[in-house]
file upload_7.csv (CSV, C-alpha atoms)
chain,number,residue,atom,x,y,z
F,195,MET,CA,-9.5,-58.0,45.4
F,196,SER,CA,-12.8,-56.6,44.4
F,197,LYS,CA,-15.6,-57.6,46.8
F,198,PRO,CA,-19.2,-58.6,45.7
F,199,TYR,CA,-20.7,-56.0,47.9
F,200,ASP,CA,-20.0,-52.4,49.0
F,201,GLU,CA,-18.0,-52.7,52.2
F,202,TYR,CA,-18.8,-49.1,53.0
F,203,SER,CA,-22.6,-49.8,53.1
F,204,GLN,CA,-24.1,-51.8,55.9
F,205,GLN,CA,-27.2,-52.4,53.8
F,206,SER,CA,-25.2,-53.7,50.9
F,207,ILE,CA,-23.4,-56.1,53.2
F,208,LEU,CA,-26.6,-57.2,54.8
F,209,ARG,CA,-28.2,-57.9,51.4
F,210,PHE,CA,-25.2,-60.0,50.4
F,211,ALA,CA,-25.3,-61.9,53.8
F,212,GLN,CA,-29.0,-62.7,53.4
F,213,LYS,CA,-28.2,-64.6,50.2
F,214,LEU,CA,-26.9,-67.3,52.5
F,215,GLU,CA,-30.3,-67.8,54.2
F,216,GLY,CA,-31.6,-71.3,53.9
F,217,LYS,CA,-28.4,-72.4,52.1
F,218,THR,CA,-25.2,-74.2,52.8
F,219,LEU,CA,-21.6,-73.2,51.9
F,220,ARG,CA,-21.4,-76.1,49.5
F,221,SER,CA,-24.4,-74.8,47.6
F,222,ILE,CA,-23.2,-71.2,47.2
F,223,LEU,CA,-19.4,-71.2,47.1
F,224,SER,CA,-17.2,-71.7,44.0
F,225,ASP,CA,-15.6,-75.2,43.3
F,226,GLU,CA,-12.2,-73.7,44.2
F,227,ASP,CA,-13.3,-72.5,47.6
F,228,ILE,CA,-15.1,-75.8,48.4
F,229,SER,CA,-11.9,-77.7,47.5
F,230,ASN,CA,-9.8,-75.4,49.7
F,231,ILE,CA,-12.2,-75.9,52.6
F,232,GLU,CA,-12.2,-79.7,52.1
F,233,ILE,CA,-8.4,-79.9,52.1
F,234,ASP,CA,-8.2,-77.8,55.3
F,235,PHE,CA,-11.0,-79.9,56.9
F,236,GLU,CA,-9.1,-83.1,56.2
F,237,GLN,CA,-6.0,-81.7,57.8
F,238,HIS,CA,-7.9,-80.3,60.8
F,239,PRO,CA,-11.0,-82.5,61.2
F,240,GLY,CA,-13.7,-81.7,63.7
F,241,ASN,CA,-12.9,-78.0,64.1
F,242,LYS,CA,-16.4,-76.5,64.0
F,243,GLY,CA,-15.1,-73.1,65.0
F,244,LYS,CA,-13.8,-72.8,61.5
F,245,PHE,CA,-17.3,-72.4,60.1
F,246,GLY,CA,-17.4,-68.7,60.8
F,247,HIS,CA,-13.8,-68.3,59.6
F,248,ASN,CA,-14.8,-69.9,56.2
F,249,ILE,CA,-17.7,-67.5,55.8
F,250,GLU,CA,-15.4,-64.6,56.4
F,251,LYS,CA,-12.6,-65.8,54.1
F,252,HIS,CA,-14.5,-67.5,51.3
F,253,TYR,CA,-17.8,-65.7,51.2
F,254,PHE,CA,-17.0,-62.2,52.3
F,255,LYS,CA,-13.5,-62.4,50.9
F,256,TYR,CA,-11.6,-60.7,53.6
F,257,ASP,CA,-8.6,-61.9,55.6
F,258,LEU,CA,-9.1,-63.2,59.2
F,259,ASN,CA,-8.1,-60.7,61.8
F,260,SER,CA,-8.0,-59.9,65.5
F,261,ARG,CA,-7.8,-56.1,65.0
F,262,SER,CA,-9.4,-53.7,67.4
F,263,PHE,CA,-11.6,-52.0,64.8
F,264,THR,CA,-14.6,-53.5,63.0
F,265,ASP,CA,-14.5,-56.2,60.3
F,266,PHE,CA,-16.0,-53.8,57.7
F,267,PRO,CA,-15.0,-50.1,57.3
F,268,CYS,CA,-18.7,-49.0,57.7
F,269,SER,CA,-18.5,-49.7,61.5
F,270,LEU,CA,-20.0,-53.2,61.1
F,271,GLU,CA,-18.7,-56.3,62.9
F,272,LEU,CA,-19.4,-59.8,61.7
F,273,LYS,CA,-20.3,-62.7,64.0
F,274,VAL,CA,-21.3,-66.2,63.0
F,275,THR,CA,-23.1,-68.2,65.8
F,276,PRO,CA,-24.7,-71.6,66.1
F,277,LEU,CA,-28.2,-72.6,67.1
F,278,TYR,CA,-29.4,-76.1,68.0
F,279,VAL,CA,-32.8,-77.6,67.6
F,280,LYS,CA,-34.5,-78.6,70.9
F,281,LYS,CA,-36.8,-81.6,71.3
F,282,ASN,CA,-39.8,-79.4,70.8
F,283,ARG,CA,-38.3,-78.3,67.5
F,284,GLU,CA,-37.6,-74.8,68.6
F,285,TYR,CA,-34.3,-73.1,68.0
F,286,ALA,CA,-32.0,-72.1,70.9
F,287,PRO,CA,-28.5,-70.5,71.1
F,288,LYS,CA,-25.8,-73.2,71.5
F,289,GLU,CA,-23.2,-70.9,73.1
F,290,ARG,CA,-22.2,-67.4,74.0
F,291,LEU,CA,-21.1,-65.0,71.2
F,292,VAL,CA,-17.6,-63.8,71.9
F,293,CYS,CA,-16.7,-60.2,71.2
F,294,ASN,CA,-13.4,-58.3,71.8
F,295,ILE,CA,-10.7,-59.0,74.4
F,296,ILE,CA,-10.7,-56.9,77.5
F,297,ASN,CA,-7.5,-54.9,78.1
F,298,TYR,CA,-7.5,-54.5,81.9
F,299,MET,CA,-4.9,-51.7,81.9
F,300,LYS,CA,-6.7,-49.5,79.3
F,301,ILE,CA,-10.4,-50.1,80.0
F,302,VAL,CA,-10.2,-48.4,83.4
F,303,ASN,CA,-9.7,-45.1,81.5
F,304,GLU,CA,-12.8,-45.6,79.3
F,305,THR,CA,-16.4,-44.5,79.7
F,306,TRP,CA,-19.3,-46.6,78.3
F,307,ASP,CA,-20.3,-44.2,75.6
F,308,LYS,CA,-16.7,-44.0,74.2
F,309,SER,CA,-15.7,-47.6,75.1
F,310,THR,CA,-13.7,-49.9,72.8
F,311,PHE,CA,-16.6,-52.4,73.3
F,312,LEU,CA,-19.0,-50.0,71.6
F,313,ASP,CA,-16.5,-49.1,68.9
F,314,LYS,CA,-16.2,-52.7,68.0
F,315,ASN,CA,-19.7,-54.1,68.7
F,316,ARG,CA,-22.3,-51.3,68.3
F,317,ASP,CA,-23.5,-52.7,65.0
F,318,THR,CA,-23.1,-56.5,64.5
F,319,LEU,CA,-24.0,-58.5,61.5
F,320,ILE,CA,-25.1,-61.8,63.1
F,321,ILE,CA,-25.3,-64.9,60.9
F,322,ARG,CA,-27.0,-67.8,62.6
F,323,TYR,CA,-26.6,-71.4,61.5
F,324,ILE,CA,-28.0,-74.8,62.6
F,325,ASP,CA,-25.4,-76.9,64.3
F,326,PRO,CA,-26.2,-80.5,63.3
F,327,ILE,CA,-24.5,-81.8,66.4
F,328,ASP,CA,-23.5,-84.9,64.3
F,329,ASN,CA,-19.7,-84.6,63.8
F,330,ASN,CA,-20.0,-86.7,60.6
F,331,ILE,CA,-21.8,-83.8,58.8
F,332,HIS,CA,-19.3,-81.7,57.0
F,333,LEU,CA,-19.2,-78.0,57.8
F,334,LEU,CA,-19.9,-77.3,54.2
F,335,ASP,CA,-23.3,-78.8,54.7
F,336,TYR,CA,-24.4,-76.8,57.8
F,337,GLU,CA,-27.7,-75.0,57.1
F,338,ILE,CA,-27.5,-71.2,57.5
F,339,LEU,CA,-30.7,-69.9,59.1
F,340,ASP,CA,-30.6,-66.1,58.8
F,341,ALA,CA,-28.6,-62.9,58.8
F,342,HIS,CA,-29.5,-59.6,60.5
F,343,ILE,CA,-27.8,-56.5,61.8
F,344,HIS,CA,-28.2,-55.9,65.6
F,345,ASN,CA,-27.6,-52.5,67.0
F,346,ILE,CA,-26.9,-52.2,70.8
F,347,PHE,CA,-29.3,-49.2,71.0
F,348,SER,CA,-32.2,-50.7,69.0
F,349,ASN,CA,-33.9,-51.5,72.3
F,350,SER,CA,-33.5,-48.9,75.0
F,351,ASP,CA,-34.0,-51.4,77.9
F,352,ASP,CA,-31.4,-53.7,76.4
F,353,ALA,CA,-29.0,-50.8,76.0
F,354,LYS,CA,-29.4,-49.8,79.6
F,355,GLN,CA,-28.7,-53.4,80.7
F,356,PHE,CA,-25.6,-53.5,78.5
F,357,GLU,CA,-24.3,-50.3,80.1
F,358,LYS,CA,-25.0,-51.6,83.6
F,359,ASP,CA,-23.2,-54.9,82.9
F,360,TRP,CA,-20.2,-53.1,81.3
F,361,ASN,CA,-19.9,-50.8,84.4
F,362,ILE,CA,-20.1,-53.8,86.7
F,363,ILE,CA,-17.2,-55.4,84.9
F,364,VAL,CA,-15.1,-52.3,84.6
F,365,ASN,CA,-15.7,-51.2,88.3
F,366,LYS,CA,-14.5,-54.6,89.4
F,367,ILE,CA,-11.3,-54.2,87.3
F,368,LYS,CA,-10.8,-50.7,88.8
F,369,GLU,CA,-10.9,-52.2,92.3
F,370,GLY,CA,-8.1,-54.6,91.4
F,371,LYS,CA,-10.5,-57.6,91.3
F,372,ALA,CA,-10.1,-58.6,87.6
F,373,HIS,CA,-9.1,-62.1,88.9
F,374,LEU,CA,-12.5,-62.3,90.6
F,375,LEU,CA,-14.6,-61.5,87.5
F,376,SER,CA,-17.4,-64.1,86.9
F,377,GLU,CA,-19.9,-64.5,84.1
F,378,GLY,CA,-22.5,-64.7,86.9
F,379,ASP,CA,-21.9,-61.0,87.7
F,380,THR,CA,-24.0,-59.8,84.8
F,381,GLU,CA,-27.2,-60.3,82.7
F,382,TYR,CA,-26.5,-59.7,79.0
F,383,LEU,CA,-22.8,-58.9,78.7
F,384,ALA,CA,-20.2,-61.3,80.2
F,385,ALA,CA,-16.5,-61.3,80.8
F,386,ASN,CA,-15.6,-64.8,79.8
F,387,THR,CA,-12.2,-66.4,80.0
F,388,LYS,CA,-10.2,-66.4,76.8
F,389,GLY,CA,-7.4,-68.8,76.0
F,390,ALA,CA,-6.9,-72.5,75.9
F,391,ASN,CA,-4.3,-72.5,78.7
F,392,ARG,CA,-5.2,-70.5,81.8
F,393,GLU,CA,-1.6,-70.1,83.0
F,394,SER,CA,-0.3,-68.8,79.7
F,395,SER,CA,-3.2,-66.3,79.4
F,396,LEU,CA,-2.6,-64.5,82.7
F,397,ARG,CA,-2.5,-60.7,82.5
F,398,LYS,CA,-1.5,-57.8,84.6
F,399,GLN,CA,-4.3,-55.7,86.2
F,400,PRO,CA,-4.4,-52.3,87.8
F,401,LYS,CA,-4.3,-51.8,91.6
F,402,SER,CA,-3.3,-55.4,92.2
F,403,ASP,CA,-0.2,-57.6,92.0
F,404,GLU,CA,-2.3,-60.6,91.3
F,405,LEU,CA,-2.4,-61.7,87.7
F,406,ALA,CA,-5.9,-62.2,86.1
F,407,PRO,CA,-7.0,-64.7,83.4
F,408,GLN,CA,-7.4,-63.1,80.0
F,409,ARG,CA,-11.1,-62.4,79.3
F,410,SER,CA,-13.3,-61.2,76.5
F,411,PHE,CA,-16.6,-59.5,76.4
F,412,SER,CA,-19.4,-61.8,75.1
F,413,PHE,CA,-23.1,-61.7,74.5
F,414,LYS,CA,-24.6,-64.2,77.0
F,415,PRO,CA,-26.9,-67.0,75.8
F,416,LYS,CA,-29.7,-65.3,77.7
F,417,PHE,CA,-29.4,-62.2,75.5
F,418,LEU,CA,-29.1,-64.3,72.3
F,419,ARG,CA,-32.3,-66.1,73.3
F,420,LYS,CA,-34.0,-62.8,73.6
F,421,ILE,CA,-33.1,-61.5,70.2
F,422,LEU,CA,-33.9,-64.9,68.7
F,423,ASN,CA,-37.4,-64.7,70.2
F,424,ASP,CA,-37.7,-61.1,69.1
call {"tool": "encode", "arguments": {"input": "upload_7.csv", "output": "structure tokens"}}
result
Amino acid sequence: MSKPYDEYSQQSILRFAQKLEGKTLRSILSDEDISNIEIDFEQHPGNKGKFGHNIEKHYFKYDLNSRSFTDFPCSLELKVTPLYVKKNREYAPKERLVCNIINYMKIVNETWDKSTFLDKNRDTLIIRYIDPIDNNIHLLDYEILDAHIHNIFSNSDDAKQFEKDWNIIVNKIKEGKAHLLSEGDTEYLAANTKGANRESSLRKQPKSDELAPQRSFSFKPKFLRKILND
């Protein structure tokens, strides 16, 4: 299927994403796409996590995936993340932004500069929307605030903190302590648990017979607040 942007150009993708700013999916998608989303929403009500999936599938026109490489072939990853409005009317991140799953057995052989984390998340197209909190509001009517590309190395201090956090996580895994990882270990980059059922998501780790809960890298709300303020 032909896409309405050049998937080999980050700037083309960004320009297309910015057409969403200040709009809702209901105001910008085709009648057919809207109908498909409404049918799916009726069958699975209340699943706000599908908002990002619908942007991927119906706006950017690519199939949902969990592949190890980036969403777009120009080394660009897409992330859709919610904000909420505080009492003082300022915006704030509602939750962490989840990145790629950590493979305990393989990551111990990686270095920061050639890591699977950087391969996947060096350049991220971040689309932020306002979570209305009210479950009666249809996801088609969520307001999209903005879209921008964030590069891990755009701020040297931030990049150093990401590298430090990554090494803290990886060194703990190398010591056979993946089961002791905590989001409190780090500042910007977290290793958060991944999977609805802890027991079914247990994974082998190096240098230990103890199974560890599956985890993913994620941008912590602290970092998301920083780039929101920037």
call {"tool": "closest_atom_pairs", "arguments": {"input": "upload_7.csv", "of": "range 240-352 of chain F", "to": "range 205-220 of chain F", "cutoff": "8 Å", "atoms": "only C-alpha atoms", "output": "CSV"}}
result
residue,atom,partner,partner_atom,distance
F:Ile249,CA,F:Leu219,CA,7.9
F:Leu319,CA,F:Leu208,CA,7.3
F:Ile321,CA,F:Ala211,CA,7.7
F:Leu333,CA,F:Leu219,CA,8.0
F:Leu334,CA,F:Leu219,CA,5.0
F:Asp335,CA,F:Thr218,CA,5.3
F:Tyr336,CA,F:Thr218,CA,5.7
F:Glu337,CA,F:Thr218,CA,5.0
F:Ile338,CA,F:Gly216,CA,5.5
F:Leu339,CA,F:Glu215,CA,5.3
F:Asp340,CA,F:Glu215,CA,4.9
F:Ala341,CA,F:Gln212,CA,5.4
F:His342,CA,F:Leu208,CA,6.8
F:Ile343,CA,F:Leu208,CA,7.1
call {"tool": "atom_distance", "arguments": {"input": "upload_7.csv", "atom1": "CA of Gln399 in chain F", "atom2": "CA of Trp360 in chain F"}}
result
16.8 Å
call {"tool": "atom_distance", "arguments": {"input": "upload_7.csv", "atom1": "CA of Val302 in chain F", "atom2": "CA of Thr380 in chain F"}}
result
18.0 Å
call {"tool": "closest_residue", "arguments": {"input": "upload_7.csv", "among": "F:Gly246, F:Pro407, F:Pro400, F:Pro415", "to": "Ile367 in chain F", "atoms": "all atoms listed in the file"}}
result
F:Pro400
call {"tool": "residues_around", "arguments": {"input": "upload_7.csv", "residues": "Leu223 in chain F", "least_positions_apart": "4", "cutoff": "8 Å", "atoms": "all atoms listed in the file", "output": "list in words"}}
result
Leu219, Asp227, Ile228, His252 and Tyr253 of chain F
call {"tool": "atom_distance", "arguments": {"input": "upload_7.csv", "atom1": "CA of Lys388 in chain F", "atom2": "CA of Phe254 in chain F"}}
result
25.8 Å
call {"tool": "residues_around", "arguments": {"input": "upload_7.csv", "residues": "Glu369 in chain F", "least_positions_apart": "3", "cutoff": "9 Å", "atoms": "all atoms listed in the file", "output": "ChimeraX atom specification"}}
result
/F:364-366,372,400-402
call {"tool": "write_last_selection", "arguments": {"input": "upload_7.csv", "atoms": "C-alpha atoms", "output": "short mmCIF file (atom, residue, chain, number, x, y, z; two decimals), in the frame of the given file"}}
result
data_model
loop_
_atom_site.label_atom_id
_atom_site.label_comp_id
_atom_site.auth_asym_id
_atom_site.auth_seq_id
_atom_site.Cartn_x
_atom_site.Cartn_y
_atom_site.Cartn_z
CA VAL F 364 -15.10 -52.30 84.60
CA ASN F 365 -15.70 -51.20 88.30
CA LYS F 366 -14.50 -54.60 89.40
CA ALA F 372 -10.10 -58.60 87.60
CA PRO F 400 -4.40 -52.30 87.80
CA LYS F 401 -4.30 -51.80 91.60
CA SER F 402 -3.30 -55.40 92.20
#
call {"tool": "residues_near_point", "arguments": {"input": "upload_7.csv", "point": "(-14.7, -61.2, 83.6)", "cutoff": "7 Å", "atoms": "only C-alpha atoms", "output": "list in words"}}
result
Ile363, Ala372, Leu375, Ser376, Glu377, Ala384, Ala385, Asn386, Thr387 and Arg409 of chain F
call {"tool": "residues_near_point", "arguments": {"input": "upload_7.csv", "point": "(-28.0, -64.0, 75.5)", "cutoff": "12 Å", "atoms": "all atoms listed in the file", "output": "short mmCIF file (atom, residue, chain, number, x, y, z; two decimals) with C-alpha atoms, in the frame of the given file"}}
result
data_model
loop_
_atom_site.label_atom_id
_atom_site.label_comp_id
_atom_site.auth_asym_id
_atom_site.auth_seq_id
_atom_site.Cartn_x
_atom_site.Cartn_y
_atom_site.Cartn_z
CA THR F 275 -23.10 -68.20 65.80
CA ALA F 286 -32.00 -72.10 70.90
CA PRO F 287 -28.50 -70.50 71.10
CA LYS F 288 -25.80 -73.20 71.50
CA GLU F 289 -23.20 -70.90 73.10
CA ARG F 290 -22.20 -67.40 74.00
CA LEU F 291 -21.10 -65.00 71.20
CA VAL F 292 -17.60 -63.80 71.90
CA ASP F 352 -31.40 -53.70 76.40
CA GLN F 355 -28.70 -53.40 80.70
CA PHE F 356 -25.60 -53.50 78.50
CA GLU F 377 -19.90 -64.50 84.10
CA THR F 380 -24.00 -59.80 84.80
CA GLU F 381 -27.20 -60.30 82.70
CA TYR F 382 -26.50 -59.70 79.00
CA LEU F 383 -22.80 -58.90 78.70
CA ALA F 384 -20.20 -61.30 80.20
CA SER F 412 -19.40 -61.80 75.10
CA PHE F 413 -23.10 -61.70 74.50
CA LYS F 414 -24.60 -64.20 77.00
CA PRO F 415 -26.90 -67.00 75.80
CA LYS F 416 -29.70 -65.30 77.70
CA PHE F 417 -29.40 -62.20 75.50
CA LEU F 418 -29.10 -64.30 72.30
CA ARG F 419 -32.30 -66.10 73.30
CA LYS F 420 -34.00 -62.80 73.60
CA ILE F 421 -33.10 -61.50 70.20
CA LEU F 422 -33.90 -64.90 68.70
CA ASN F 423 -37.40 -64.70 70.20
CA ASP F 424 -37.70 -61.10 69.10
#
call {"tool": "decode", "arguments": {"input": "upload_7.csv", "residues": "range 200-221 of chain F", "atoms": "N, CA and C atoms", "output": "PDB file, in the first residue's frame"}}
result
ATOM      1  N   ASP F 200       6.945   9.908   2.801  1.00  0.00           N
ATOM      2  CA  ASP F 200       8.131   9.156   2.396  1.00  0.00           C
ATOM      3  C   ASP F 200       8.701   8.462   3.630  1.00  0.00           C
ATOM      4  N   GLU F 201       8.538   7.149   3.704  1.00  0.00           N
ATOM      5  CA  GLU F 201       8.955   6.422   4.895  1.00  0.00           C
ATOM      6  C   GLU F 201      10.471   6.348   5.050  1.00  0.00           C
ATOM      7  N   TYR F 202      11.214   6.819   4.036  1.00  0.00           N
ATOM      8  CA  TYR F 202      12.675   6.843   4.109  1.00  0.00           C
ATOM      9  C   TYR F 202      13.203   8.231   4.481  1.00  0.00           C
ATOM     10  N   SER F 203      12.296   9.136   4.828  1.00  0.00           N
ATOM     11  CA  SER F 203      12.685  10.497   5.198  1.00  0.00           C
ATOM     12  C   SER F 203      12.071  10.865   6.554  1.00  0.00           C
ATOM     13  N   GLN F 204      12.908  11.123   7.539  1.00  0.00           N
ATOM     14  CA  GLN F 204      12.398  11.507   8.853  1.00  0.00           C
ATOM     15  C   GLN F 204      11.610  12.806   8.786  1.00  0.00           C
ATOM     16  N   GLN F 205      12.066  13.753   7.982  1.00  0.00           N
ATOM     17  CA  GLN F 205      11.377  15.038   7.902  1.00  0.00           C
ATOM     18  C   GLN F 205      10.015  14.905   7.226  1.00  0.00           C
ATOM     19  N   SER F 206       9.911  14.036   6.231  1.00  0.00           N
ATOM     20  CA  SER F 206       8.623  13.794   5.588  1.00  0.00           C
ATOM     21  C   SER F 206       7.638  13.188   6.583  1.00  0.00           C
ATOM     22  N   ILE F 207       8.110  12.250   7.361  1.00  0.00           N
ATOM     23  CA  ILE F 207       7.260  11.609   8.375  1.00  0.00           C
ATOM     24  C   ILE F 207       6.845  12.619   9.432  1.00  0.00           C
ATOM     25  N   LEU F 208       7.791  13.453   9.859  1.00  0.00           N
ATOM     26  CA  LEU F 208       7.480  14.469  10.863  1.00  0.00           C
ATOM     27  C   LEU F 208       6.430  15.447  10.343  1.00  0.00           C
ATOM     28  N   ARG F 209       6.581  15.919   9.100  1.00  0.00           N
ATOM     29  CA  ARG F 209       5.594  16.853   8.538  1.00  0.00           C
ATOM     30  C   ARG F 209       4.207  16.210   8.505  1.00  0.00           C
ATOM     31  N   PHE F 210       4.168  14.934   8.158  1.00  0.00           N
ATOM     32  CA  PHE F 210       2.883  14.236   8.119  1.00  0.00           C
ATOM     33  C   PHE F 210       2.311  14.100   9.528  1.00  0.00           C
ATOM     34  N   ALA F 211       3.156  13.805  10.500  1.00  0.00           N
ATOM     35  CA  ALA F 211       2.704  13.671  11.893  1.00  0.00           C
ATOM     36  C   ALA F 211       2.169  14.991  12.428  1.00  0.00           C
ATOM     37  N   GLN F 212       2.803  16.103  12.043  1.00  0.00           N
ATOM     38  CA  GLN F 212       2.401  17.408  12.569  1.00  0.00           C
ATOM     39  C   GLN F 212       1.035  17.863  12.047  1.00  0.00           C
ATOM     40  N   LYS F 213       0.521  17.198  11.022  1.00  0.00           N
ATOM     41  CA  LYS F 213      -0.840  17.490  10.568  1.00  0.00           C
ATOM     42  C   LYS F 213      -1.874  17.064  11.608  1.00  0.00           C
ATOM     43  N   LEU F 214      -1.453  16.231  12.560  1.00  0.00           N
ATOM     44  CA  LEU F 214      -2.340  15.782  13.627  1.00  0.00           C
ATOM     45  C   LEU F 214      -2.480  16.823  14.737  1.00  0.00           C
ATOM     46  N   GLU F 215      -1.570  17.767  14.813  1.00  0.00           N
ATOM     47  CA  GLU F 215      -1.525  18.701  15.941  1.00  0.00           C
ATOM     48  C   GLU F 215      -2.821  19.516  16.044  1.00  0.00           C
ATOM     49  N   GLY F 216      -3.384  19.509  17.264  1.00  0.00           N
ATOM     50  CA  GLY F 216      -4.613  20.250  17.516  1.00  0.00           C
ATOM     51  C   GLY F 216      -5.862  19.574  16.987  1.00  0.00           C
ATOM     52  N   LYS F 217      -5.729  18.355  16.482  1.00  0.00           N
ATOM     53  CA  LYS F 217      -6.871  17.651  15.885  1.00  0.00           C
ATOM     54  C   LYS F 217      -7.188  16.377  16.666  1.00  0.00           C
ATOM     55  N   THR F 218      -8.259  15.722  16.257  1.00  0.00           N
ATOM     56  CA  THR F 218      -8.638  14.418  16.781  1.00  0.00           C
ATOM     57  C   THR F 218      -8.637  13.428  15.623  1.00  0.00           C
ATOM     58  N   LEU F 219      -8.597  12.148  15.943  1.00  0.00           N
ATOM     59  CA  LEU F 219      -8.652  11.148  14.874  1.00  0.00           C
ATOM     60  C   LEU F 219      -9.974  11.231  14.120  1.00  0.00           C
ATOM     61  N   ARG F 220     -11.046  11.567  14.829  1.00  0.00           N
ATOM     62  CA  ARG F 220     -12.356  11.666  14.158  1.00  0.00           C
ATOM     63  C   ARG F 220     -12.356  12.765  13.099  1.00  0.00           C
ATOM     64  N   SER F 221     -11.569  13.803  13.326  1.00  0.00           N
ATOM     65  CA  SER F 221     -11.588  14.936  12.396  1.00  0.00           C
ATOM     66  C   SER F 221     -10.653  14.745  11.209  1.00  0.00           C
TER      67      SER F 221
END
